[in-house]
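The block underneath contains the structure these notes are about, expressed in structure tokens.
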Amino acid sequence: MRLDKYVTYAGISRSAAVSAIKAGRVAVDGVVVKNPAIKIDSGVITLDGEAIDGSEFVYLLMNKPAGYVCERNRPDSVFNLLPEKYSRRNISVCGRLDKDTEGMLLLSDDGDFVHRIIAPAKHLAKTYLVRPKNPVTDADIKAFESGLRIDGGDVCRPAKIERSGVDAFVTITEGMYHQIKRMFEAVDNEVLYLRRIKTGGLSLPETLSPGEILRLSEKDLSRIFR
Ligand code: URA
């Protein structure tokens, strides 16, 4: 990879990277390099003494706070919560959450990864913690498990629902628009609070506060598809 391309991973534009290199602000393994076109295969690249993360892809887990949307270019966008260093990457969310929904939001610039998470044919399980307006009945559990028809149209794949005090854990293997809320409406109930807590085999860490972001490890990634 060319040095100027690598330096853009610091969150700056290509032309800013070229200027920084020419100004002697970039070093490769501690040696200042002023040629933006030089090819880099390995080594520690620093900008103003700070190491630049040149990973091909990044995989992030955000504990999405309520009040944020998954669309870009809005003041209340989850993309505004990402650190500046990711701003030059083409990061997408892996399955949107509603503005009032909290919890596990995966983000990446690896298109294949995003596809594996959201492609309907993959049937990756996603678990939500739901606080319904009315208690979940035995009949609701049966209806969820046998495939609910929502809005008199779409039929959901069988979903698992487990009561936990006043709350319920619901696991679905698809991601239709407002699916959980529509499923509860279909059984004459209403969702008062919704949080995604698990994707595949990876859970939202309890220690991650709303708005906080984790960089996922290889182990985390393999857990998702386990
Ligand atoms: N289902 C919903 O209704 N909303 C979400 O945000 C996610 C799943």
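Chain identifiers are assigned as A, B, and so on, following the order in which chains appear in the structure tokens; residues are numbered from 1 within each chain, and ligands are numbered from 1 in order of appearance.
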Proximity check chain A to ligand 1, 6 Å, nearest pairs one decimal Å, only C-alpha atoms and all ligand atoms, as JSON lines:
```
{"residue": "A:Leu97", "atom": "CA", "partner": "ligand 1", "partner_atom_place_in_ligand_line": "6 (O)", "distance": 3.5}
{"residue": "A:Asp98", "atom": "CA", "partner": "ligand 1", "partner_atom_place_in_ligand_line": "6 (O)", "distance": 3.7}
{"residue": "A:Thr101", "atom": "CA", "partner": "ligand 1", "partner_atom_place_in_ligand_line": "6 (O)", "distance": 4.9}
{"residue": "A:His178", "atom": "CA", "partner": "ligand 1", "partner_atom_place_in_ligand_line": "3 (O)", "distance": 3.2}
{"residue": "A:Gln179", "atom": "CA", "partner": "ligand 1", "partner_atom_place_in_ligand_line": "1 (N)", "distance": 4.2}
{"residue": "A:Ile180", "atom": "CA", "partner": "ligand 1", "partner_atom_place_in_ligand_line": "1 (N)", "distance": 3.9}
{"residue": "A:Lys181", "atom": "CA", "partner": "ligand 1", "partner_atom_place_in_ligand_line": "3 (O)", "distance": 3.9}
```
**Request:** List the neighbours of segment 47-62 of chain A out to 10 Å using only C-alpha atoms; skip same-chain residues closer than 3 positions along the sequence, and give me the result as a PyMOL selection string.
**Result:** chain A and resi 1+5-11+17+20-21+24-30+32+42+44+65+78+81-82+85-86+89-91+93-94+102-111+113-114+204-205+208-218+220-221
**Request:** Determine which residues of segment 94-146 of chain A receive a DSSP assignment of strand (DSSP E), computed from the backbone, and state them as a list in words.
**Result:** Glu102, Gly103, Met104, Leu105, Leu106, Leu107, Ser108, Lys126, Thr127, Tyr128, Leu129, Val130, Arg131 and Pro132 of chain A
**Prompt:** Taking only C-alpha atoms into account, which of A:Pro75, A:Pro120, A:Pro132, A:Gly153 comes nearest Ile172 of chain A?
**Reply:** A:Pro120
**Asked** Any idea what the distance is between atom CA of Leu192 of chain A and atom CA of Thr171 of chain A?
**Response**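 About the pair atom CA of Leu192 of chain A and atom CA of Thr171 of chain A: they are 17.3 Å apart.
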**Request:** List the neighbours of Asn189 of chain A out to 7 Å using only C-alpha atoms; skip same-chain residues closer than 2 positions along the sequence, and give me the result as number ranges by chain.
**Result:** A: 132-134, 184-185, 187
**Distance query Pro36 of chain A at most 6 Å, only C-alpha atoms, self and fewer than 2 positions along chain excluded, as a list in words** =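 Near neighbours after the sequence-gap exclusion: Leu3, Asp4, Val18 and Ile38 of chain A.
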**Message:** I'd like the interatomic distance between atom CA of Arg226 of chain A and atom CA of Gly201 of chain A, to a tenth of an Å.
**Reply:**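 If I compute the distance from atom CA of Arg226 of chain A to atom CA of Gly201 of chain A, I get 6.1 Å.
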I'd like a table as JSON lines: residues in segment 32-141 of chain A with an atom no more than 9 Å from segment 155-161 of chain A, each row giving the shortest atom pair and its distance in Å to one decimal, only C-alpha atoms counted, sorted by chain and rising residue number.
```
{"residue": "A:Thr127", "atom": "CA", "partner": "A:Lys160", "partner_atom": "CA", "distance": 9.0}
{"residue": "A:Val136", "atom": "CA", "partner": "A:Ile161", "partner_atom": "CA", "distance": 8.9}
{"residue": "A:Asp140", "atom": "CA", "partner": "A:Ile161", "partner_atom": "CA", "distance": 8.6}
{"residue": "A:Ile141", "atom": "CA", "partner": "A:Ile161", "partner_atom": "CA", "distance": 5.9}
```
The selected residues should be written to file as a PDB file, in the first residue's frame (atoms: N, CA, C and O atoms).
```
ATOM      1  N   THR A 127     -31.051 -11.716  19.509  1.00  0.00           N
ATOM      2  CA  THR A 127     -31.895 -11.780  20.703  1.00  0.00           C
ATOM      3  C   THR A 127     -32.131 -10.377  21.260  1.00  0.00           C
ATOM      4  O   THR A 127     -31.195  -9.565  21.327  1.00  0.00           O
ATOM      5  N   VAL A 136     -46.601 -11.492  28.929  1.00  0.00           N
ATOM      6  CA  VAL A 136     -46.605 -12.457  27.819  1.00  0.00           C
ATOM      7  C   VAL A 136     -47.386 -13.701  28.272  1.00  0.00           C
ATOM      8  O   VAL A 136     -47.136 -14.232  29.356  1.00  0.00           O
ATOM      9  N   ASP A 140     -49.257 -16.458  23.605  1.00  0.00           N
ATOM     10  CA  ASP A 140     -48.290 -15.646  22.840  1.00  0.00           C
ATOM     11  C   ASP A 140     -47.052 -16.485  22.503  1.00  0.00           C
ATOM     12  O   ASP A 140     -46.537 -16.428  21.382  1.00  0.00           O
ATOM     13  N   ILE A 141     -46.601 -17.243  23.509  1.00  0.00           N
ATOM     14  CA  ILE A 141     -45.382 -18.055  23.301  1.00  0.00           C
ATOM     15  C   ILE A 141     -45.615 -19.034  22.151  1.00  0.00           C
ATOM     16  O   ILE A 141     -44.786 -19.166  21.244  1.00  0.00           O
TER      17      ILE A 141
END
```
**Request:** Would you mind reading off the distance between atom CA of Ser92 of chain A and atom CA of Arg223 of chain A, one decimal, in Å?
**Result:**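 The value is 20.2 Å.
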**Message:** Could you check the closest approach to Lys99 of chain A for each of A:Arg182, A:Lys64, A:Lys122, A:Lys198 and tell me which residue wins, using only C-alpha atoms?
**Reply:**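 Between A:Arg182, A:Lys64, A:Lys122, A:Lys198, the residue approaching Lys99 of chain A most closely is A:Lys64.
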**Message:** Here is a test: counting only C-alpha atoms, which residue of A:Val191, A:Ile40, A:Ala168, A:Val31 is nearest to Leu129 of chain A?
**Reply:** A:Ala168
**Request:** Would you mind telling me which residue in A:Asp188, A:Asp112, A:Asp100, A:Glu71 lies nearest to Ala143 of chain A when using only C-alpha atoms?
**Result:** A:Asp188
